Every structure is written in C-alpha cells, then in structure tokens.
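Novice: Questions regarding the structure given below will be posed in turn.
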Amino acid sequence: RKKAGSSDNKTNAFFDWVPAGDVAETRNIVNRDACSKSHGDSKLHRGYAIELCVGCHNKNSFDPFTGTGTPTLATTDTALPGSSSVILERLVHKVHMGKNLVNGYSINGEDYSTLEYPSGVMSSGTTPNPSNCAVCHDESNAAMTDAANWRTTPTASACGTCHDSGAALGHIAQESVGYETCTVCHGVGKALNVPAAHGLQ
C-alpha cells in the first residue's frame with residue numbers, strides 16, 4: 001500500500017496497487033469506525049487506520065517473545081519455534097476475547113488472559129459481548145463491502161482464534177484437511193450458521 005497525506009496517519013488516504021497492471025484485491029472487513037465505538041478517537045498502537053495495521057500485522061509476522069529461542073533481529077521471515085503469529089485477525093480476536101479464551105493469550109510480553117471485553121457500554125446503548133461479531137463487523141457501513149464475511153464465509157483461521165479449546169481446534173483441523181468445509185454446517189441458512197451458533201438469532 002502507498003500512503004499519502006499528513007505526517008500522522010489519522011487522515012491519510014490509502015491506495016491499493018499491484019504490479020503488472022493486475023486488478024487490486026481488497027478485503028474491506030472492518031475499519032476504524034468500528035474501533036472508535038469502544039476506543040473513541042484514541043490512537044491504537046502505531047496508528048488510526050486498519051489499512052496501516054495490516055502492513056505489519058500479516059501472515060509473515062511473528063512475535064519473538066512467544067518463541068522458545070532468544071529474541072533477535074532476524075534477516076529472514078523464519079519465525080522462532082513456538083512464535084505466535086501477529087496477523088491482524090488473530091491478534092484482534094484474541095485480545096478482545098481475553099478471559100473468555102480457554103488457553104489465554106500473551107503477546108509482546110503482555111498477558112491479555114484476564115481482559116474483559118469491553119469495559120463500559122457501546123454508543124448504541126447495548127452492552128456487547130465477544131460472541132457478537134457484528135459489533136465490529138458492521139454491515140451497515142457501506143464502505144465495508146466484506147463486513148458480512150464473519151457469517152457468510154467462516155474460516156478456520158478466523159474462528160480458531162476465539163474457539164481455542166482442544167475439542168474446537170481438533171474439529172477445525174479435521175474439517176480443514178485438503179480444503180475447508182466450514183460452510184457445509186456453518187454457512188448461511190444452515191442449522192449451525194454462525195449467528196445461530198453465537199446466540200444472535
């Protein structure tokens with residue numbers, strides 16, 4: 001992504017680009033508007049925009065503090081044994097699940113295992129819980145063209161971040177051999193569709 005705008009990233013514009021003139025593929029799932037419901041206008045970590053977050057928090061990034069070796073500056077993408085991925089979907093889901101995770105979660109030396117999501121009451125006047133994916137995956141936001149993915153195309157990588165019990169992870173692994181079959185049971189219109197399984201119907 002190419003960044004343009006102010007020296008801070010609060011009002012920056014972002015441009016998706018790919019080499020050789022191919023069509024850019026975007027995933028507009030969650031944007032800063034969703035974060036602001038709970039976090040207000042505060043800067044999160046290094047910035048305001050999700051488009052900036054994914055520059056570092058992608059599938060090639062790992063937290064060296066969770067590995068079994070000594071943290072060092074690496075010259076390759078090879079992760080230390082046991083290192084935890086900091087891809088954005090995993091990081092955000094686990095931090096917000098906090099105390100509801102079976103196995104807890106620590107990243108960058110911080111333990112989020114007792115975090116209760118969220119403190120206070122949302123601007124909508126309802127008290128959310130981590131099972132309500134729609135709090136952040138806001139389909140009423142027209143700019144988020146993929147906001148419904150959480151219920152229409154559930155994936156092992158996303159769902160396995162919150163459903164972390166041995167039984168859940170075993171089930172996910174079993175249904176992901178060769179290709180994922182999540183939507184067979186958890187797809188739209190199925191008896192165990194995601195909103196129903198989360199008690200939202």
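Chain identifiers are assigned as A, B, and so on, following the order in which chains appear in the structure tokens; residues are numbered from 1 within each chain, and ligands are numbered from 1 in order of appearance.
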Could you give me, as a ChimeraX atom specification, the residues within 12 Å of range 167-177 of chain A, counting only C-alpha atoms and dropping anything in the same chain fewer than 2 positions from it?
Specialist: /A:101-103,154-165,179-186
Novice: List every residue of range 131-167 of chain A that has an atom at most 12 Å from any atom of range 23-30 of chain A, giving for each one its closest atom pair and the distance in Å to one decimal, counting only C-alpha atoms, sorted by chain and then by ascending residue number, as a Markdown table.
Specialist:
```
| residue | atom | partner | partner_atom | distance |
| --- | --- | --- | --- | --- |
| A:Cys133 | CA | A:Val30 | CA | 10.9 |
| A:Ala134 | CA | A:Val30 | CA | 10.2 |
| A:Val135 | CA | A:Val30 | CA | 10.2 |
| A:Cys136 | CA | A:Val30 | CA | 6.6 |
| A:His137 | CA | A:Val30 | CA | 5.7 |
| A:Asp138 | CA | A:Val30 | CA | 7.3 |
| A:Glu139 | CA | A:Ile29 | CA | 8.9 |
| A:Ser140 | CA | A:Val30 | CA | 11.3 |
| A:Asn141 | CA | A:Val30 | CA | 9.1 |
| A:Ala142 | CA | A:Asn28 | CA | 9.9 |
| A:Ala143 | CA | A:Asn28 | CA | 7.2 |
| A:Met144 | CA | A:Asn28 | CA | 4.7 |
| A:Thr145 | CA | A:Asn28 | CA | 5.5 |
| A:Asp146 | CA | A:Ile29 | CA | 4.7 |
| A:Ala147 | CA | A:Ile29 | CA | 4.3 |
| A:Ala148 | CA | A:Ile29 | CA | 7.6 |
| A:Asn149 | CA | A:Ile29 | CA | 7.3 |
| A:Trp150 | CA | A:Ile29 | CA | 8.7 |
| A:Arg151 | CA | A:Ile29 | CA | 11.7 |
| A:Thr153 | CA | A:Ile29 | CA | 11.9 |
```
Novice: Keeping C-alpha atoms, export the residues of the selection given above as a PDB file, in the first residue's frame.
Specialist:
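Printed below is selection39.pdb as written:
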```
ATOM      1  CA  CYS A 133     -19.205 -10.428  15.926  1.00  0.00           C
ATOM      2  CA  ALA A 134     -21.481  -7.776  14.407  1.00  0.00           C
ATOM      3  CA  VAL A 135     -20.302  -5.167  16.931  1.00  0.00           C
ATOM      4  CA  CYS A 136     -17.096  -4.761  14.923  1.00  0.00           C
ATOM      5  CA  HIS A 137     -18.119  -6.427  11.663  1.00  0.00           C
ATOM      6  CA  ASP A 138     -20.636  -3.676  10.948  1.00  0.00           C
ATOM      7  CA  GLU A 139     -22.640  -4.437   7.805  1.00  0.00           C
ATOM      8  CA  SER A 140     -24.402  -1.069   7.980  1.00  0.00           C
ATOM      9  CA  ASN A 141     -21.123   0.592   6.982  1.00  0.00           C
ATOM     10  CA  ALA A 142     -21.351   0.743   3.189  1.00  0.00           C
ATOM     11  CA  ALA A 143     -17.583   1.123   2.839  1.00  0.00           C
ATOM     12  CA  MET A 144     -17.054  -2.289   4.432  1.00  0.00           C
ATOM     13  CA  THR A 145     -18.082  -4.391   1.461  1.00  0.00           C
ATOM     14  CA  ASP A 146     -16.861  -7.616   3.103  1.00  0.00           C
ATOM     15  CA  ALA A 147     -18.250  -6.982   6.598  1.00  0.00           C
ATOM     16  CA  ALA A 148     -20.610  -9.968   6.311  1.00  0.00           C
ATOM     17  CA  ASN A 149     -17.752 -12.446   5.860  1.00  0.00           C
ATOM     18  CA  TRP A 150     -17.924 -13.451   9.538  1.00  0.00           C
ATOM     19  CA  ARG A 151     -21.317 -15.087   8.932  1.00  0.00           C
ATOM     20  CA  THR A 153     -17.731 -17.378   4.856  1.00  0.00           C
TER      21      THR A 153
END
```
Novice: Just want the 12 Å neighbourhood of Gly98 in chain A, counted on only C-alpha atoms, with same-chain residues fewer than 4 positions away dropped. Output as a ChimeraX atom specification.
Specialist: /A:91-94,102-107,110-118,129-130,161-164
Novice: Those residues with C-alpha atoms, as an mmCIF file, in the first residue's frame please?
Specialist:
```cif
data_model
loop_
_atom_site.group_PDB
_atom_site.id
_atom_site.type_symbol
_atom_site.label_atom_id
_atom_site.label_comp_id
_atom_site.auth_asym_id
_atom_site.auth_seq_id
_atom_site.Cartn_x
_atom_site.Cartn_y
_atom_site.Cartn_z
ATOM 1 C CA LEU A 91 -4.284 -10.579 17.297
ATOM 2 C CA VAL A 92 -7.524 -8.581 17.482
ATOM 3 C CA HIS A 93 -9.799 -11.568 18.088
ATOM 4 C CA LYS A 94 -7.638 -13.000 20.861
ATOM 5 C CA VAL A 102 -9.667 -21.395 27.154
ATOM 6 C CA ASN A 103 -5.895 -21.103 26.829
ATOM 7 C CA GLY A 104 -5.422 -17.386 27.465
ATOM 8 C CA TYR A 105 -3.299 -15.110 25.312
ATOM 9 C CA SER A 106 0.011 -13.310 25.716
ATOM 10 C CA ILE A 107 1.744 -11.245 23.063
ATOM 11 C CA GLU A 110 1.709 -8.622 27.711
ATOM 12 C CA ASP A 111 -0.858 -11.039 29.149
ATOM 13 C CA TYR A 112 -4.437 -10.470 27.940
ATOM 14 C CA SER A 113 -5.868 -13.556 29.626
ATOM 15 C CA THR A 114 -7.878 -11.549 32.165
ATOM 16 C CA LEU A 115 -9.121 -8.824 29.822
ATOM 17 C CA GLU A 116 -12.893 -8.438 29.870
ATOM 18 C CA TYR A 117 -14.362 -7.218 26.605
ATOM 19 C CA PRO A 118 -15.278 -4.499 26.571
ATOM 20 C CA ASN A 129 -20.143 -9.498 24.414
ATOM 21 C CA PRO A 130 -17.349 -11.175 22.452
ATOM 22 C CA THR A 161 -8.572 -17.666 17.155
ATOM 23 C CA CYS A 162 -11.521 -17.489 19.568
ATOM 24 C CA HIS A 163 -12.612 -21.125 19.691
ATOM 25 C CA ASP A 164 -9.333 -22.366 21.159
#
```
Novice: With a distance cut-off of 6 Å and only C-alpha atoms, select the neighbouring residues of range 40-53 of chain A, excluding the residue or stretch itself and same-chain residues fewer than 4 positions from it, and output the selection as a ChimeraX atom specification.
Specialist: /A:10,31-32,36,57
